[in-house]
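A.B. asks: Handing you a structure now.
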Amino acid sequence: MIQLTAEPIDHASLTEQVRRADCGAVVTFLGTVRDLTGERVTVALDYEAYPGMAEKKLAEIEQEVRKHWPVGEVIMVHRLGHLEVGDISVAVSVSCAHRAQAFDACRYAIDRLKELVPIWKKENWADGTTEWVHPGA
């Protein structure tokens with residue numbers, strides 16, 4: 001399952017959705033808004049995407065994960081809109097029969113998501129300035 005949402009991400013629900021009787025491992029990655037980026041104080045982030053393009057890339061990544069690992073389920077959700085420090089911006093949850101597979105598949109999924117999916121992030125700094133960060137940066 002892939003999803004773009006303006007609503008808060010319910011990571012407990014995502015983790016439960018990927019659990020299966022034939023999968024002994026579930027790995028969930030959460031990306032959260034941190035208060036420091038390098039030396040700069042971050043007060044908020046804004047995420048924007050062109051949904052059609054972003055969803056297409058997310059679906060491609062899901063298929064890549066399924067091709068390379070024997071996953072039971074995989075879910076990738078990215079939040080759009082204005083997020084405060086501490087908010088969850090992205091979640092990836094994967095189930096596999098074994099933990100090494102689940103860790104590898106989850107890491108691959110989030111790394112590819114950050115590299116390929118056209119979701120733009122605007123950093124809002126404490127000094128009142130902002131900066132757009134391109135996908136994959």
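Within each chain, counting starts at residue 1; across the structure tokens, chains are named A, B, ... in the order shown, with ligands numbered 1 upward in that order.
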Please give the complete set of residues from chain A that DSSP, run on the backbone, assigns to strand (DSSP E), formatted as JSON, numbers by chain.
C.D. replies: {"A": [2, 3, 4, 5, 25, 26, 27, 28, 29, 30, 31, 32, 36, 37, 40, 41, 42, 43, 44, 45, 46, 47, 48, 49, 71, 72, 73, 74, 75, 76, 77, 78, 79, 81, 82, 83, 84, 88, 89, 90, 91, 92, 93, 94, 95, 96, 119, 120, 121, 122, 123, 124, 125, 130, 131, 132, 133]}
A.B. asks: Do you know which residues are at most 10 Å from His82 of chain A counting only C-alpha atoms, after dropping those on the same chain fewer than 5 positions away, and could you put them as a PDB file with all heavy atoms, in the first residue's frame?
C.D. replies:
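Output contents, as saved in part_36.pdb:
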```
ATOM      1  N   ALA A   6      -2.515  14.266   4.077  1.00  0.00           N
ATOM      2  CA  ALA A   6      -2.375  15.512   4.829  1.00  0.00           C
ATOM      3  C   ALA A   6      -2.641  15.266   6.313  1.00  0.00           C
ATOM      4  O   ALA A   6      -2.423  16.144   7.138  1.00  0.00           O
ATOM      5  CB  ALA A   6      -3.349  16.561   4.298  1.00  0.00           C
ATOM      6  N   ALA A  44       9.711  24.216  11.535  1.00  0.00           N
ATOM      7  CA  ALA A  44       8.657  23.463  10.858  1.00  0.00           C
ATOM      8  C   ALA A  44       9.145  23.080   9.462  1.00  0.00           C
ATOM      9  O   ALA A  44      10.131  23.626   8.973  1.00  0.00           O
ATOM     10  CB  ALA A  44       7.374  24.279  10.748  1.00  0.00           C
ATOM     11  N   LEU A  45       8.430  22.136   8.853  1.00  0.00           N
ATOM     12  CA  LEU A  45       8.668  21.752   7.461  1.00  0.00           C
ATOM     13  C   LEU A  45       7.349  21.819   6.714  1.00  0.00           C
ATOM     14  O   LEU A  45       6.283  21.595   7.297  1.00  0.00           O
ATOM     15  CB  LEU A  45       9.204  20.319   7.364  1.00  0.00           C
ATOM     16  CG  LEU A  45      10.540  20.008   8.014  1.00  0.00           C
ATOM     17  CD1 LEU A  45      10.858  18.525   7.852  1.00  0.00           C
ATOM     18  CD2 LEU A  45      11.650  20.857   7.423  1.00  0.00           C
ATOM     19  N   ASP A  46       7.434  22.112   5.435  1.00  0.00           N
ATOM     20  CA  ASP A  46       6.277  22.045   4.551  1.00  0.00           C
ATOM     21  C   ASP A  46       6.630  21.091   3.414  1.00  0.00           C
ATOM     22  O   ASP A  46       7.692  21.219   2.808  1.00  0.00           O
ATOM     23  CB  ASP A  46       5.936  23.423   3.977  1.00  0.00           C
ATOM     24  CG  ASP A  46       5.429  24.365   5.037  1.00  0.00           C
ATOM     25  OD1 ASP A  46       4.322  24.120   5.547  1.00  0.00           O
ATOM     26  OD2 ASP A  46       6.129  25.339   5.368  1.00  0.00           O
ATOM     27  N   TYR A  47       5.749  20.128   3.157  1.00  0.00           N
ATOM     28  CA  TYR A  47       5.960  19.156   2.087  1.00  0.00           C
ATOM     29  C   TYR A  47       4.915  19.360   1.002  1.00  0.00           C
ATOM     30  O   TYR A  47       3.725  19.524   1.298  1.00  0.00           O
ATOM     31  CB  TYR A  47       5.819  17.728   2.620  1.00  0.00           C
ATOM     32  CG  TYR A  47       6.984  17.264   3.447  1.00  0.00           C
ATOM     33  CD1 TYR A  47       6.941  17.314   4.830  1.00  0.00           C
ATOM     34  CD2 TYR A  47       8.135  16.743   2.850  1.00  0.00           C
ATOM     35  CE1 TYR A  47       8.006  16.872   5.602  1.00  0.00           C
ATOM     36  CE2 TYR A  47       9.201  16.302   3.609  1.00  0.00           C
ATOM     37  CZ  TYR A  47       9.126  16.365   4.990  1.00  0.00           C
ATOM     38  OH  TYR A  47      10.181  15.927   5.737  1.00  0.00           O
ATOM     39  N   GLU A  48       5.381  19.323  -0.248  1.00  0.00           N
ATOM     40  CA  GLU A  48       4.489  19.391  -1.399  1.00  0.00           C
ATOM     41  C   GLU A  48       4.869  18.300  -2.386  1.00  0.00           C
ATOM     42  O   GLU A  48       6.027  17.876  -2.446  1.00  0.00           O
ATOM     43  CB  GLU A  48       4.597  20.756  -2.093  1.00  0.00           C
ATOM     44  CG  GLU A  48       4.030  21.889  -1.277  1.00  0.00           C
ATOM     45  CD  GLU A  48       4.022  23.209  -2.041  1.00  0.00           C
ATOM     46  OE1 GLU A  48       4.319  23.218  -3.255  1.00  0.00           O
ATOM     47  OE2 GLU A  48       3.729  24.232  -1.408  1.00  0.00           O
ATOM     48  N   ASP A  87       6.579  15.885  14.460  1.00  0.00           N
ATOM     49  CA  ASP A  87       5.581  15.207  13.629  1.00  0.00           C
ATOM     50  C   ASP A  87       6.250  14.145  12.764  1.00  0.00           C
ATOM     51  O   ASP A  87       7.404  14.293  12.342  1.00  0.00           O
ATOM     52  CB  ASP A  87       4.861  16.196  12.702  1.00  0.00           C
ATOM     53  CG  ASP A  87       3.867  17.085  13.426  1.00  0.00           C
ATOM     54  OD1 ASP A  87       3.527  16.804  14.591  1.00  0.00           O
ATOM     55  OD2 ASP A  87       3.433  18.087  12.803  1.00  0.00           O
ATOM     56  N   SER A  89       6.796  12.525   9.320  1.00  0.00           N
ATOM     57  CA  SER A  89       6.654  12.941   7.930  1.00  0.00           C
ATOM     58  C   SER A  89       6.550  11.759   6.975  1.00  0.00           C
ATOM     59  O   SER A  89       5.931  11.873   5.921  1.00  0.00           O
ATOM     60  CB  SER A  89       7.832  13.826   7.519  1.00  0.00           C
ATOM     61  OG  SER A  89       9.057  13.147   7.698  1.00  0.00           O
ATOM     62  N   LYS A 121      10.488  19.536   0.028  1.00  0.00           N
ATOM     63  CA  LYS A 121      10.458  19.913   1.440  1.00  0.00           C
ATOM     64  C   LYS A 121      10.962  21.339   1.583  1.00  0.00           C
ATOM     65  O   LYS A 121      12.025  21.689   1.070  1.00  0.00           O
ATOM     66  CB  LYS A 121      11.350  18.952   2.231  1.00  0.00           C
ATOM     67  CG  LYS A 121      11.541  19.317   3.675  1.00  0.00           C
ATOM     68  CD  LYS A 121      12.325  18.255   4.433  1.00  0.00           C
ATOM     69  CE  LYS A 121      13.781  18.232   4.038  1.00  0.00           C
ATOM     70  NZ  LYS A 121      14.581  17.319   4.867  1.00  0.00           N
ATOM     71  N   LYS A 122      10.183  22.150   2.299  1.00  0.00           N
ATOM     72  CA  LYS A 122      10.624  23.506   2.617  1.00  0.00           C
ATOM     73  C   LYS A 122      10.998  23.552   4.090  1.00  0.00           C
ATOM     74  O   LYS A 122      10.170  23.268   4.954  1.00  0.00           O
ATOM     75  CB  LYS A 122       9.539  24.539   2.314  1.00  0.00           C
ATOM     76  CG  LYS A 122      10.006  25.969   2.613  1.00  0.00           C
ATOM     77  CD  LYS A 122       9.045  27.033   2.115  1.00  0.00           C
ATOM     78  CE  LYS A 122       7.801  27.079   2.934  1.00  0.00           C
ATOM     79  NZ  LYS A 122       6.945  28.237   2.624  1.00  0.00           N
ATOM     80  N   ASN A 124      11.707  25.546   7.346  1.00  0.00           N
ATOM     81  CA  ASN A 124      11.356  26.826   7.948  1.00  0.00           C
ATOM     82  C   ASN A 124      12.269  27.018   9.150  1.00  0.00           C
ATOM     83  O   ASN A 124      12.169  26.266  10.132  1.00  0.00           O
ATOM     84  CB  ASN A 124       9.888  26.825   8.394  1.00  0.00           C
ATOM     85  CG  ASN A 124       8.952  26.645   7.213  1.00  0.00           C
ATOM     86  OD1 ASN A 124       8.728  27.561   6.448  1.00  0.00           O
ATOM     87  ND2 ASN A 124       8.424  25.442   7.055  1.00  0.00           N
TER      88      ASN A 124
END
```
A.B. asks: Quick one: which segment 43-102 of chain A residues come within 7 Å of segment 12-26 of chain A, and what is the nearest atom pair for each with the distance in Å to one decimal, counting only C-alpha atoms, rows ordered by chain and ascending number, as a Markdown table?
C.D. replies:
```
| residue | atom | partner | partner_atom | distance |
| --- | --- | --- | --- | --- |
| A:Gly72 | CA | A:Cys23 | CA | 6.5 |
| A:Glu73 | CA | A:Val18 | CA | 5.1 |
| A:Val74 | CA | A:Val18 | CA | 6.5 |
| A:Ser93 | CA | A:Thr15 | CA | 6.0 |
| A:Val94 | CA | A:Val26 | CA | 5.6 |
| A:Ser95 | CA | A:Val26 | CA | 4.4 |
| A:Cys96 | CA | A:Cys23 | CA | 4.8 |
| A:Ala97 | CA | A:Cys23 | CA | 4.0 |
| A:His98 | CA | A:Ala25 | CA | 5.4 |
| A:Arg99 | CA | A:Ala25 | CA | 4.9 |
| A:Ala102 | CA | A:Ala25 | CA | 6.3 |
```
A.B. asks: Of the candidates A:His11, A:Arg79, A:Arg66, A:Arg107, which shows the shortest atom-to-atom distance to Ala49 of chain A, using only C-alpha atoms?
C.D. replies: A:Arg79
A.B. asks: Please run DSSP on the backbone and report, as a VMD selection string, all residues within chain A that come out as alpha helix (DSSP H).
C.D. replies: chain A and resid 11 to 18 51 to 68 99 to 116
A.B. asks: Find the distance between atom CA of Tyr50 of chain A and atom CA of Ala109 of chain A and write it in Å to one decimal.
C.D. replies: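 Atom-to-atom, atom CA of Tyr50 of chain A and atom CA of Ala109 of chain A are spaced 19.6 Å apart.
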A.B. asks: In terms of the shortest atom-to-atom distance over only C-alpha atoms, which of A:Lys67, A:Ile110, A:Pro8, A:Gln3 is closest to Ala54 of chain A?
C.D. replies: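 Using only C-alpha atoms, the shortest distance to Ala54 of chain A belongs to A:Gln3.
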A.B. asks: With a distance cut-off of 8 Å and only C-alpha atoms, select the neighbouring residues of segment 125-127 of chain A, excluding the residue or stretch itself and same-chain residues fewer than 3 positions from it, and output the selection as a short mmCIF file (atom, residue, chain, number, x, y, z; two decimals) with N, CA, C and O atoms, in the first residue's frame.
C.D. replies:
```
data_model
loop_
_atom_site.label_atom_id
_atom_site.label_comp_id
_atom_site.auth_asym_id
_atom_site.auth_seq_id
_atom_site.Cartn_x
_atom_site.Cartn_y
_atom_site.Cartn_z
N ARG A 40 21.48 24.80 11.88
CA ARG A 40 20.31 25.69 11.86
C ARG A 40 19.15 25.09 12.64
O ARG A 40 18.88 23.90 12.57
N VAL A 41 18.43 25.97 13.34
CA VAL A 41 17.26 25.56 14.11
C VAL A 41 16.04 25.55 13.19
O VAL A 41 15.69 26.56 12.58
N THR A 42 15.41 24.39 13.11
CA THR A 42 14.21 24.21 12.29
C THR A 42 12.98 24.36 13.18
O THR A 42 12.93 23.79 14.26
N VAL A 43 12.00 25.13 12.71
CA VAL A 43 10.76 25.28 13.47
C VAL A 43 9.61 24.49 12.84
O VAL A 43 8.65 24.14 13.54
N ALA A 44 9.71 24.22 11.53
CA ALA A 44 8.66 23.46 10.86
C ALA A 44 9.15 23.08 9.46
O ALA A 44 10.13 23.63 8.97
N THR A 130 13.49 30.61 4.87
CA THR A 130 13.05 29.29 4.40
C THR A 130 13.95 28.84 3.26
O THR A 130 14.63 29.66 2.63
#
```
A.B. asks: What is the atom CA of Ile2 of chain A-atom CA of Met76 of chain A distance in Å, reported with one decimal?
C.D. replies: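 The value is 4.9 Å.
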A.B. asks: My list of candidates is A:Glu115, A:Ile75, A:Thr37, A:Gln63. Which is closest to Ala91 of chain A when distances are computed with only C-alpha atoms?
C.D. replies: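 For Ala91 of chain A, the nearest of the given residues is A:Ile75.
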A.B. asks: Please provide as JSON, numbers by chain all residues within 9 Å of Gly86 of chain A, with the sequence filter that same-chain residues fewer than 5 positions apart are discarded (counting only C-alpha atoms).
C.D. replies: {"A": [32, 33, 34, 35]}
A.B. asks: Measuring atom to atom with only C-alpha atoms, identify which of A:Thr5, A:Leu113, A:Glu131, A:Gly52 is nearest to Gly81 of chain A.
C.D. replies: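 The closest residue to Gly81 of chain A is A:Thr5.
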